[in-house]
Every structure is written in structure tokens, then in C-alpha cells.
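S.K.: Enclosed is the structure file coords09.txt (compact mmCIF, C-alpha atoms).
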```txt
# COMPACT_ATOMS: atom_id res chain seq x y z
CA MET D 29 -24.37 13.65 182.13
CA ALA D 30 -25.41 16.63 184.28
CA SER D 31 -22.67 18.81 182.81
CA LYS D 32 -24.43 18.59 179.44
CA PHE D 33 -27.29 20.54 180.94
CA PHE D 34 -25.61 22.80 183.47
CA ARG D 35 -22.37 24.71 183.43
CA GLN D 36 -22.18 25.90 187.01
CA PRO D 37 -20.44 23.24 189.16
CA ALA D 38 -22.99 23.74 191.97
CA ALA D 39 -25.93 23.05 189.63
CA VAL D 40 -24.16 20.01 188.17
CA GLU D 41 -23.57 18.62 191.65
CA ASP D 42 -27.17 19.30 192.73
CA ALA D 43 -28.50 17.44 189.72
CA ALA D 44 -26.08 14.55 190.17
CA GLN D 45 -26.90 14.26 193.87
CA GLU D 46 -30.63 14.17 193.20
CA ALA D 47 -30.09 11.54 190.51
CA PHE D 48 -28.08 9.35 192.91
CA LEU D 49 -30.73 9.75 195.62
CA LYS D 50 -33.50 8.78 193.23
CA ALA D 51 -31.51 5.81 192.01
CA TYR D 52 -30.89 4.71 195.59
CA THR D 53 -34.53 4.96 196.65
CA GLN D 54 -35.77 3.29 193.44
CA LEU D 55 -33.13 0.59 193.30
CA SER D 56 -35.82 -2.06 193.74
CA SER D 57 -37.41 -0.93 190.45
CA TYR D 58 -34.23 -1.74 188.51
CA GLU D 59 -35.02 -5.03 186.79
CA GLY D 60 -31.55 -5.70 185.42
CA ARG D 61 -32.72 -5.76 181.82
CA GLY D 62 -30.40 -2.99 180.63
CA SER D 63 -27.06 -1.86 181.97
CA LEU D 64 -26.94 -0.16 185.36
CA GLU D 65 -25.06 2.71 183.74
CA GLY D 66 -27.86 3.22 181.21
CA TRP D 67 -30.47 3.13 183.97
CA LEU D 68 -28.53 5.72 185.96
CA ALA D 69 -28.06 7.89 182.86
CA ARG D 70 -31.80 7.82 182.23
CA ILE D 71 -32.58 8.89 185.80
CA ALA D 72 -29.98 11.66 185.57
CA THR D 73 -31.37 12.86 182.23
CA ASN D 74 -34.91 13.03 183.56
CA GLN D 75 -33.70 14.82 186.66
CA CYS D 76 -31.79 17.42 184.63
CA ILE D 77 -34.67 18.00 182.22
CA ASN D 78 -37.07 18.48 185.13
CA MET D 79 -34.70 20.93 186.81
CA LEU D 80 -34.33 22.90 183.58
CA ARG D 81 -38.09 22.93 183.00
CA SER D 82 -38.75 24.28 186.47
CA ALA D 83 -36.08 26.95 186.03
CA LYS D 84 -36.99 30.10 184.20
CA ARG D 85 -35.80 30.00 180.62
CA ARG D 86 -33.30 32.66 179.65
CA PRO D 87 -34.62 35.46 177.45
CA GLU D 88 -33.22 35.74 173.94
CA PHE D 89 -29.47 36.22 173.73
CA THR D 90 -28.85 39.53 172.04
CA VAL D 91 -25.84 41.06 170.35
CA SER D 92 -25.47 43.57 173.16
CA GLU D 93 -24.58 40.68 175.45
CA LEU D 94 -21.59 39.64 173.36
CA THR D 95 -18.39 40.11 175.28
CA ASP D 96 -15.12 41.47 173.87
CA HIS D 97 -13.97 37.89 173.29
CA ASP D 98 -17.17 36.64 171.65
CA GLY D 99 -17.04 38.98 168.64
CA PRO D 100 -13.52 38.01 167.47
CA TRP D 101 -14.34 34.33 167.94
CA LEU D 102 -17.35 34.64 165.65
CA GLU D 103 -15.26 36.60 163.13
CA ASN D 104 -12.66 33.85 163.06
CA GLN D 105 -15.30 31.22 162.57
CA LEU D 106 -16.85 33.09 159.68
CA ALA D 107 -13.45 33.62 158.12
CA GLY D 108 -13.15 29.86 158.11
CA VAL D 109 -10.28 29.66 160.58
CA SER D 110 -10.17 26.06 161.66
CA THR D 111 -11.35 25.49 165.22
CA GLU D 112 -8.82 22.74 165.77
CA ARG D 113 -5.82 24.91 164.94
CA HIS D 114 -6.87 27.66 167.29
CA GLN D 115 -8.59 25.61 169.92
CA SER D 116 -6.69 27.00 172.87
CA SER D 117 -8.41 26.56 176.21
CA GLU D 118 -9.32 30.25 176.22
CA ARG D 119 -10.96 30.03 172.78
CA GLY D 120 -12.74 26.89 173.81
CA ARG D 121 -14.11 28.63 176.87
CA VAL D 122 -15.30 31.60 174.78
CA ALA D 123 -17.08 29.25 172.38
CA ALA D 124 -18.64 27.30 175.25
CA ASP D 125 -19.81 30.59 176.77
CA ILE D 126 -21.57 31.61 173.55
CA ALA D 127 -23.02 28.12 173.12
CA GLU D 128 -24.39 28.12 176.65
CA LYS D 129 -25.99 31.53 176.18
CA ILE D 130 -27.73 30.41 173.01
CA MET D 131 -28.76 27.00 174.28
CA SER D 132 -30.22 28.48 177.46
CA GLU D 133 -32.93 30.01 175.25
CA LEU D 134 -33.87 26.64 173.83
CA PRO D 135 -36.25 24.12 175.40
CA PRO D 136 -34.43 21.53 177.58
CA ASP D 137 -35.33 18.71 175.17
CA ASP D 138 -33.66 20.59 172.31
CA ARG D 139 -30.52 21.03 174.33
CA LEU D 140 -30.47 17.33 175.13
CA VAL D 141 -30.65 16.19 171.51
CA LEU D 142 -28.16 18.81 170.31
CA MET D 143 -25.60 17.88 172.93
CA SER D 144 -26.12 14.15 172.49
CA ILE D 145 -26.46 13.77 168.72
CA ASP D 146 -24.57 16.76 167.32
CA GLY D 147 -22.08 17.09 170.18
CA GLU D 148 -21.32 13.58 171.35
CA GLN D 149 -22.32 11.92 168.07
CA LEU D 150 -24.58 9.44 169.85
CA PRO D 151 -26.80 7.37 167.54
CA VAL D 152 -30.51 8.23 167.48
CA LYS D 153 -31.26 4.82 168.96
CA ASP D 154 -29.16 5.53 172.06
CA VAL D 155 -30.85 8.89 172.59
CA ALA D 156 -34.23 7.18 172.24
CA GLU D 157 -33.26 4.72 174.98
CA LEU D 158 -31.91 7.48 177.16
CA THR D 159 -35.04 9.57 176.96
CA GLY D 160 -37.70 6.90 176.51
CA TRP D 161 -38.87 8.61 173.30
CA SER D 162 -39.43 6.86 169.99
CA GLU D 163 -36.67 7.14 167.39
CA SER D 164 -38.89 9.19 165.10
CA LYS D 165 -39.58 11.63 167.94
CA VAL D 166 -35.84 11.99 168.55
CA LYS D 167 -35.29 12.72 164.84
CA VAL D 168 -38.05 15.32 164.75
CA ARG D 169 -36.73 16.91 167.94
CA ALA D 170 -33.21 17.01 166.54
CA PHE D 171 -34.41 18.58 163.28
CA ARG D 172 -36.27 21.32 165.13
CA ALA D 173 -33.48 21.88 167.65
CA ARG D 174 -30.90 22.23 164.88
CA ARG D 175 -33.11 24.72 163.07
CA ARG D 176 -33.65 26.80 166.23
CA MET D 177 -29.94 26.79 167.05
CA ARG D 178 -29.01 27.70 163.48
CA GLN D 179 -31.55 30.52 163.37
CA ALA D 180 -30.32 31.91 166.70
CA VAL D 181 -26.71 31.89 165.47
CA GLU D 182 -27.76 33.39 162.14
CA LYS D 183 -29.48 36.26 163.92
CA LEU D 184 -26.41 36.82 166.05
CA LEU D 185 -24.08 36.83 163.04
CA GLN D 186 -26.23 39.27 161.09
CA ARG D 187 -26.40 41.78 163.92
CA ARG D 188 -22.90 41.45 165.35
CA PRO D 189 -20.67 44.51 165.29
CA THR D 190 -17.94 43.84 162.72
CA SER D 191 -14.32 44.89 163.00
CA ALA D 192 -15.01 47.49 160.24
CA ASP D 193 -17.70 49.07 162.48
CA GLU D 194 -15.27 49.25 165.38
CA LYS D 195 -12.60 50.94 163.23
CA GLY D 196 -15.19 53.42 161.95
CA SER D 197 -16.27 54.39 165.46
CA MET R 28 -28.80 24.05 141.41
CA SER R 29 -29.62 27.49 142.71
CA ASP R 30 -33.28 26.47 143.12
CA ASN R 31 -32.22 23.45 145.12
CA HIS R 32 -31.81 25.15 148.50
CA ILE R 33 -29.71 23.45 151.13
CA ILE R 34 -31.39 24.73 154.29
CA LYS R 35 -33.44 21.58 154.82
CA MET R 36 -30.35 19.42 154.41
CA LEU R 37 -28.55 21.50 157.07
CA ASP R 38 -31.31 20.83 159.58
CA GLU R 39 -31.69 17.15 158.78
CA LYS R 40 -28.34 15.96 160.07
CA PRO R 41 -25.47 17.29 162.20
CA PHE R 42 -23.13 19.55 160.26
CA GLY R 43 -20.21 17.28 161.10
CA ALA R 44 -22.04 14.31 159.60
CA LEU R 45 -22.32 15.88 156.14
CA GLY R 46 -20.34 13.93 153.57
CA ASP R 47 -17.75 15.38 151.19
CA ARG R 48 -20.18 15.30 148.30
CA GLU R 49 -22.88 17.12 150.30
CA ILE R 50 -20.36 19.77 151.37
CA ALA R 51 -19.22 20.24 147.78
CA ASN R 52 -22.80 20.60 146.56
CA ALA R 53 -23.61 23.02 149.37
CA GLU R 54 -20.55 25.18 148.66
CA SER R 55 -21.31 25.41 144.97
CA HIS R 56 -24.90 26.38 145.81
CA ILE R 57 -24.03 29.10 148.34
CA ALA R 58 -21.86 30.83 145.75
CA THR R 59 -25.07 31.99 144.08
CA CYS R 60 -27.64 31.89 146.90
CA GLU R 61 -27.22 34.50 149.63
CA GLN R 62 -30.01 33.06 151.82
CA CYS R 63 -28.43 29.62 151.89
CA LYS R 64 -24.97 31.12 152.46
CA CYS R 65 -26.20 32.75 155.67
CA ALA R 66 -27.80 29.47 156.79
CA TYR R 67 -24.66 27.49 155.89
CA ASP R 68 -22.36 29.84 157.81
CA ALA R 69 -24.69 29.77 160.80
CA ALA R 70 -24.87 25.97 160.75
CA ARG R 71 -21.07 25.75 160.62
CA VAL R 72 -20.66 28.16 163.54
CA ALA R 73 -23.43 26.42 165.50
CA ALA R 74 -21.66 23.08 165.06
CA SER R 75 -18.42 24.56 166.41
CA LEU R 76 -20.28 26.05 169.37
CA ILE R 77 -21.96 22.75 170.23
CA GLN R 78 -18.66 20.93 169.92
CA ALA R 79 -16.97 23.40 172.24
CA ARG R 80 -19.75 23.14 174.80
CA THR R 81 -19.77 19.33 174.67
CA SER R 82 -16.04 19.04 175.19
CA GLU R 83 -16.28 21.10 178.34
CA THR R 84 -16.38 19.03 181.52
CA VAL R 85 -17.11 19.89 185.11
CA ASP R 86 -15.02 18.17 187.75
CA ALA R 87 -16.86 17.16 190.87
CA SER R 88 -15.68 18.74 194.09
CA PRO R 89 -13.70 16.47 196.45
CA PHE R 90 -16.61 16.62 198.90
CA PHE R 91 -19.22 15.45 196.43
CA LYS R 92 -19.17 11.80 197.52
CA THR R 93 -19.43 12.80 201.19
CA ARG R 94 -22.32 15.09 200.34
CA VAL R 95 -24.23 12.38 198.50
CA MET R 96 -23.60 9.81 201.23
CA ALA R 97 -24.83 12.29 203.85
CA ALA R 98 -27.98 12.93 201.82
CA ILE R 99 -28.62 9.17 201.51
CA ARG R 100 -28.07 8.67 205.27
CA GLU R 101 -30.45 11.54 206.01
CA GLY R 102 -33.02 9.94 203.73
CA GLN R 103 -32.64 6.64 205.58
CA LEU R 104 -33.08 8.24 208.99
CA THR R 105 -36.25 9.99 207.92
CA PRO R 106 -38.82 7.25 207.32
CA GLU R 107 -40.90 7.79 204.25
CA GLU R 108 -44.40 8.89 205.14
CA PRO R 109 -47.44 7.18 203.63
CA ALA R 110 -48.92 8.79 200.55
CA LEU R 111 -52.04 9.93 202.47
CA VAL R 112 -49.97 11.78 205.06
CA ARG R 113 -47.93 13.48 202.33
CA MET R 114 -51.13 14.46 200.56
CA TRP R 115 -52.53 15.85 203.81
CA ARG R 116 -49.39 17.91 204.33
CA ALA R 117 -49.74 19.38 200.89
CA ALA R 118 -53.49 20.04 200.90
CA GLY R 119 -54.31 19.99 204.63
CA ALA R 120 -54.75 23.73 205.04
CA LEU R 121 -57.08 23.94 202.04
CA ILE R 122 -59.20 20.99 203.17
CA SER R 123 -59.46 22.39 206.73
CA THR R 124 -60.57 25.77 205.41
CA LEU R 125 -63.18 24.18 203.15
CA ALA R 126 -64.48 22.00 206.01
CA LEU R 127 -64.78 25.03 208.31
CA LEU R 128 -66.59 26.95 205.60
CA LEU R 129 -68.98 24.05 205.06
CA VAL R 130 -69.75 23.77 208.78
CA THR R 131 -70.33 27.53 209.02
CA LEU R 132 -72.65 27.55 206.03
CA THR R 133 -74.60 24.54 207.33
CA GLY R 134 -74.98 26.17 210.74
CA MET R 135 -76.12 29.44 209.21
CA THR R 136 -78.65 27.60 207.03
CA ILE R 137 -80.14 25.70 209.98
CA PHE R 138 -80.36 28.67 212.33
CA SER R 139 -81.67 31.05 209.70
CA GLN R 140 -84.47 28.63 208.73
CA SER R 141 -85.77 27.94 212.30
CA PRO R 142 -87.48 31.29 213.07
CA ASP R 143 -89.06 31.33 209.61
CA SER R 144 -90.69 27.98 210.09
CA GLN R 145 -92.01 29.07 213.45
CA SER R 146 -93.39 32.29 212.07
CA GLN R 147 -95.01 30.42 209.22
CA MET R 148 -96.90 28.11 211.57
CA PRO R 149 -99.66 30.61 212.48
CA VAL R 150 -100.11 31.45 208.80
CA VAL R 151 -100.69 27.83 208.00
CA ALA R 152 -103.08 27.57 210.91
CA ALA R 153 -104.84 30.69 209.77
CA SER R 154 -105.31 29.32 206.28
CA GLN R 155 -106.87 26.24 207.77
CA ASN R 156 -109.21 28.10 210.16
CA LEU R 157 -108.89 31.84 210.28
CA TYR R 158 -111.11 32.36 213.35
CA SER R 159 -110.17 29.36 215.41
CA PRO R 160 -109.65 30.04 219.11
CA GLU R 161 -106.22 28.45 218.99
CA TYR R 162 -105.08 30.97 216.39
CA VAL R 163 -106.44 33.87 218.33
CA VAL R 164 -104.84 32.76 221.57
CA LEU R 165 -101.52 31.73 220.11
CA GLU R 166 -101.28 34.90 218.06
CA ARG R 167 -101.92 37.08 221.04
CA GLY R 168 -100.36 35.01 223.74
CA ASP R 169 -96.79 35.02 224.85
CA LEU R 170 -94.98 31.98 223.53
CA ASP R 171 -92.94 31.81 226.68
CA GLU R 172 -95.98 31.17 228.81
CA ASP R 173 -96.36 27.63 230.01
CA GLU R 174 -98.85 25.16 228.59
CA LEU R 175 -101.12 25.36 231.66
CA ALA R 176 -101.76 29.07 231.12
CA ASN R 177 -102.72 28.50 227.48
CA ASP R 178 -105.01 25.67 228.40
CA GLN R 179 -106.73 27.87 230.94
CA VAL R 180 -107.23 30.60 228.38
CA LEU R 181 -108.54 28.18 225.77
CA GLY R 182 -110.86 26.63 228.32
CA THR R 183 -112.21 30.04 229.15
CA VAL R 184 -112.80 30.86 225.49
CA TYR R 185 -114.65 27.62 224.82
CA ASP R 186 -116.71 28.13 227.97
CA VAL R 187 -117.71 31.56 226.75
CA GLU R 188 -118.64 30.20 223.32
CA ASP R 189 -120.64 27.43 224.93
CA GLY R 190 -122.37 29.97 227.12
CA ASP R 191 -123.21 32.12 224.12
CA GLY R 192 -124.57 29.11 222.31
CA GLN R 193 -126.90 28.47 225.18
```
Let me see the file written as C-alpha cells.

M.R.:
Amino acid sequence: MASKFFRQPAAVEDAAQEAFLKAYTQLSSYEGRGSLEGWLARIATNQCINMLRSAKRRPEFTVSELTDHDGPWLENQLAGVSTERHQSSERGRVAADIAEKIMSELPPDDRLVLMSIDGEQLPVKDVAELTGWSESKVKVRAFRARRRMRQAVEKLLQRRPTSADEKGS
Amino acid sequence: MSDNHIIKMLDEKPFGALGDREIANAESHIATCEQCKCAYDAARVAASLIQARTSETVDASPFFKTRVMAAIREGQLTPEEPALVRMWRAAGALISTLALLLVTLTGMTIFSQSPDSQSQMPVVAASQNLYSPEYVVLERGDLDEDELANDQVLGTVYDVEDGDGQ
């Protein structure tokens, strides 16, 4: 759960530890109505969102921050090269790097719905249970998050240096 | 079709959840609409990015369980303080400062008012009887002198007045 929100192993472990501690101290409040796993997931989600909210949000990811690997990955994607065929671990890492940079600009709630609904294909109902939000709020959040993510990627694609630019220089 | 933009559809559901028919409609639309083509490409790339990030996992270090157990044990050894004590820890310095300030201001108010009230006393007396012997004596006399001395002076004054009257 924590690895949805954080990429650094230390941050993931900090969040998981805090979630376990909270669960331990609030064990008496668990009424046994839902599954223990769901209850733990909800505590962990709240913990991660709070940690992200208290952390300073990353400024906008700009083209100048693209690494030598990021540009070719985007080119391949635009050319329609299937991700599955070229999903080596290195390419996967490059894509995850770019995704993390873009998602760090987004509000923590947006990241949660994107990772859960678009990434893990969880139903809206499950995300509503996980967060304690209503289903309509989850849908609205997801709509806005998708739009923000799409716009951020669109901006990046429009301003990226193309291979033609590199040859010209 | 070209007026029927697909941007809203792209934001409504995950890109991977679009059906074959929706994809076909979208692709025929983007052939003539540059704005929607940009949005469609971005949505496709964004979906790949999210997928890549989701499939990434972080393995816990071998010491993670020990670390959590140690944190729980530490929490057990440290008894939880009552809410009032925790509140005092958080706001104690501020409350102490405010209390000190209040005491200082109260003290200053009391001590600054005392001499004024004493100095106003003769004025009040004067308004009541401007030429009374008490006013004359108290105004001239030293306040530190004892009561007996004042009485003697007052007695003398009244004696003189009585004598004059005779």
C-alpha cells in the first residue's frame, strides 16, 4: 500500500511502520465488521496521505528534467511501440521514474485514485471504502486526477526535444 | 464526428477501460482533430506511465519486522500521557507567558492607580470645603507625621478660631 505513494524504500518503511503502530494502539477500535486487511489498508492509506500532505509538493516537472532515457521512452510511446513488447526492467524503471516525477506534482488524493483505479483497476466502490469517501466523490476525484495527469503529460510531449532536434544540433 | 470531441471521454474512465468501439471512434476522430489527437496521445502515454509505476514494488528490508516490533515495545514502555498533560506540553510555554504578562499588567494597574487616588483625595475635600482646617493642615503637613501631631495642630487651629470668635 505504502509503495503506491512513495518510491524510496525508507519512506515506504516509515509509512508502513507508522501504520502498524497506529493499528496496534487502536486495535480496540476495530469492531470486526469489515476484514482486518481492509481496516489495515485504510489506516495505511490515511497515514500515507497525511505524510504526503505534510511534505512539500514537488514543483512542476519540466522538460529540462528529462533524462537521456526519458526522451526515447516517450518517443517510443508516441510511435505506438507496444509497452508489453519492450517492457524490459530498464524501460519499466524509466517509465516509473517519469510517472513518479509527474505524480509528485499532483495532490495526494489524485495520486491515490490514479494508482488505485487506473493502475490497479480497483472498482470505485473499493476505493470509496478504502478512503471513506462517497462513490461520487471518488468518481469526481478520478476525473480531475486523470485530466491533470493527461495535461501534464501533454505539456511534456509538446515541449520535449525530438530526435530531429538532436540531429540538427 | 469532428465536432464530437473525445477529451471528456478520455477523462471519464481509465484509458485501459475504453472499449474497442470507443477506441475506433476516437481514432477516426483524431485523424481530423489535432487538439483531440494531442489529448489522446497524452492519455495513452499517461496510462502506460501509471501502469509502469503501479507494477513497481518495494521490498521491505530484512530488519523491517524487528524495527516495527522495537517501535511497538518502545510505545508500550512509555505510558501514554493524559490529554491535558499533552496539551500542556504543546501550549505550556505560551500559557505561562500569557499568565506572566497578565500578572505584570495587573500589578502595574494597581500600583499606578494608588498614588493618583491619594492625590485626588485633597481635591475632593477641597471641593467639599475649600477653607476647612483639615484641608489646610493636610495640604501643608507632612503625611509621614503621626496622627498625634496632626491632632495637636488641628486642636491649635480650632482654639485660635474659637478665640477669634470670642

S.K.: Do a neighbour search on region 89-105 of chain R at 9 Å with all atoms listed in the file, toss out local chain neighbours closer than 2 positions, and write the hits as number ranges by chain.

M.R.: D: 41, 44-46, 48-49, 52-53; R: 86-87, 107-108

S.K.: Set the distance at 12 Å and use all atoms listed in the file: which residues neighbour Leu140 (chain D) once local chain neighbours fewer than 5 positions away are removed? I'd like the list as a PDB file with C-alpha atoms, in the frame of the given file.

M.R.:
```
ATOM      1  CA  MET D  29     -24.370  13.650 182.130  1.00  0.00           C
ATOM      2  CA  ALA D  30     -25.410  16.630 184.280  1.00  0.00           C
ATOM      3  CA  SER D  31     -22.670  18.810 182.810  1.00  0.00           C
ATOM      4  CA  LYS D  32     -24.430  18.590 179.440  1.00  0.00           C
ATOM      5  CA  PHE D  33     -27.290  20.540 180.940  1.00  0.00           C
ATOM      6  CA  PHE D  34     -25.610  22.800 183.470  1.00  0.00           C
ATOM      7  CA  ARG D  70     -31.800   7.820 182.230  1.00  0.00           C
ATOM      8  CA  ALA D  72     -29.980  11.660 185.570  1.00  0.00           C
ATOM      9  CA  THR D  73     -31.370  12.860 182.230  1.00  0.00           C
ATOM     10  CA  ASN D  74     -34.910  13.030 183.560  1.00  0.00           C
ATOM     11  CA  CYS D  76     -31.790  17.420 184.630  1.00  0.00           C
ATOM     12  CA  ILE D  77     -34.670  18.000 182.220  1.00  0.00           C
ATOM     13  CA  LEU D  80     -34.330  22.900 183.580  1.00  0.00           C
ATOM     14  CA  MET D 131     -28.760  27.000 174.280  1.00  0.00           C
ATOM     15  CA  SER D 132     -30.220  28.480 177.460  1.00  0.00           C
ATOM     16  CA  LEU D 134     -33.870  26.640 173.830  1.00  0.00           C
ATOM     17  CA  PRO D 135     -36.250  24.120 175.400  1.00  0.00           C
ATOM     18  CA  ILE D 145     -26.460  13.770 168.720  1.00  0.00           C
ATOM     19  CA  ASP D 146     -24.570  16.760 167.320  1.00  0.00           C
ATOM     20  CA  GLY D 147     -22.080  17.090 170.180  1.00  0.00           C
ATOM     21  CA  GLU D 148     -21.320  13.580 171.350  1.00  0.00           C
ATOM     22  CA  LEU D 150     -24.580   9.440 169.850  1.00  0.00           C
ATOM     23  CA  VAL D 152     -30.510   8.230 167.480  1.00  0.00           C
ATOM     24  CA  VAL D 155     -30.850   8.890 172.590  1.00  0.00           C
ATOM     25  CA  ALA D 156     -34.230   7.180 172.240  1.00  0.00           C
ATOM     26  CA  LEU D 158     -31.910   7.480 177.160  1.00  0.00           C
ATOM     27  CA  THR D 159     -35.040   9.570 176.960  1.00  0.00           C
ATOM     28  CA  VAL D 166     -35.840  11.990 168.550  1.00  0.00           C
ATOM     29  CA  ARG D 169     -36.730  16.910 167.940  1.00  0.00           C
ATOM     30  CA  ALA D 170     -33.210  17.010 166.540  1.00  0.00           C
ATOM     31  CA  ALA D 173     -33.480  21.880 167.650  1.00  0.00           C
ATOM     32  CA  ARG D 174     -30.900  22.230 164.880  1.00  0.00           C
TER      33      ARG D 174
ATOM     34  CA  ILE R  77     -21.960  22.750 170.230  1.00  0.00           C
ATOM     35  CA  THR R  81     -19.770  19.330 174.670  1.00  0.00           C
TER      36      THR R  81
END
```

S.K.: Smallest atom-to-atom distance to chain R: which of D:Glu65, D:Asp98, D:Glu182, D:Glu157, using only C-alpha atoms?

M.R.: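 Among D:Glu65, D:Asp98, D:Glu182, D:Glu157, it is D:Glu182 that comes nearest to chain R.
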
S.K.: Go ahead and compute the interatomic distance for CA of Gly134 (chain R) and CA of Ile122 (chain R), in Å to one decimal.

M.R.: 18.3 Å

S.K.: Considering all atoms listed in the file, extract the chain R residues located within 9 Å of chain D and return them as a PyMOL selection string.

M.R.: chain R and resi 34-35+37-44+65-88+91-92+94-95+98-99+102

S.K.: Would you mind reading off the distance between CA of Glu49 (chain R) and CA of Arg187 (chain D), one decimal, in Å?

M.R.: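 These two atoms are separated by 28.4 Å.
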
S.K.: Interatomic distance between CA of Met79 (chain D) and CA of Glu133 (chain D)?

M.R.: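 Interatomic distance, CA of Met79 (chain D) to CA of Glu133 (chain D): 14.8 Å.
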
S.K.: Which is closest to Ile50 (chain R) among R:Thr124, R:Val112, R:Gln62, R:Met36, if we use all atoms listed in the file?

M.R.: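 Comparing R:Thr124, R:Val112, R:Gln62, R:Met36 against Ile50 (chain R), the winner is R:Met36.
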
S.K.: For region 128-141 of chain R, take all atoms listed in the file, fit an axis-aligned box around them, add 4 Å to each of the six sides, then output centre and edge lengths in Å rounded to one decimal, as lines of an AutoDock Vina configuration file.

M.R.:
```
center_x = -76.2
center_y = 27.4
center_z = 208.7
size_x = 27.2
size_y = 15.3
size_z = 15.3
```
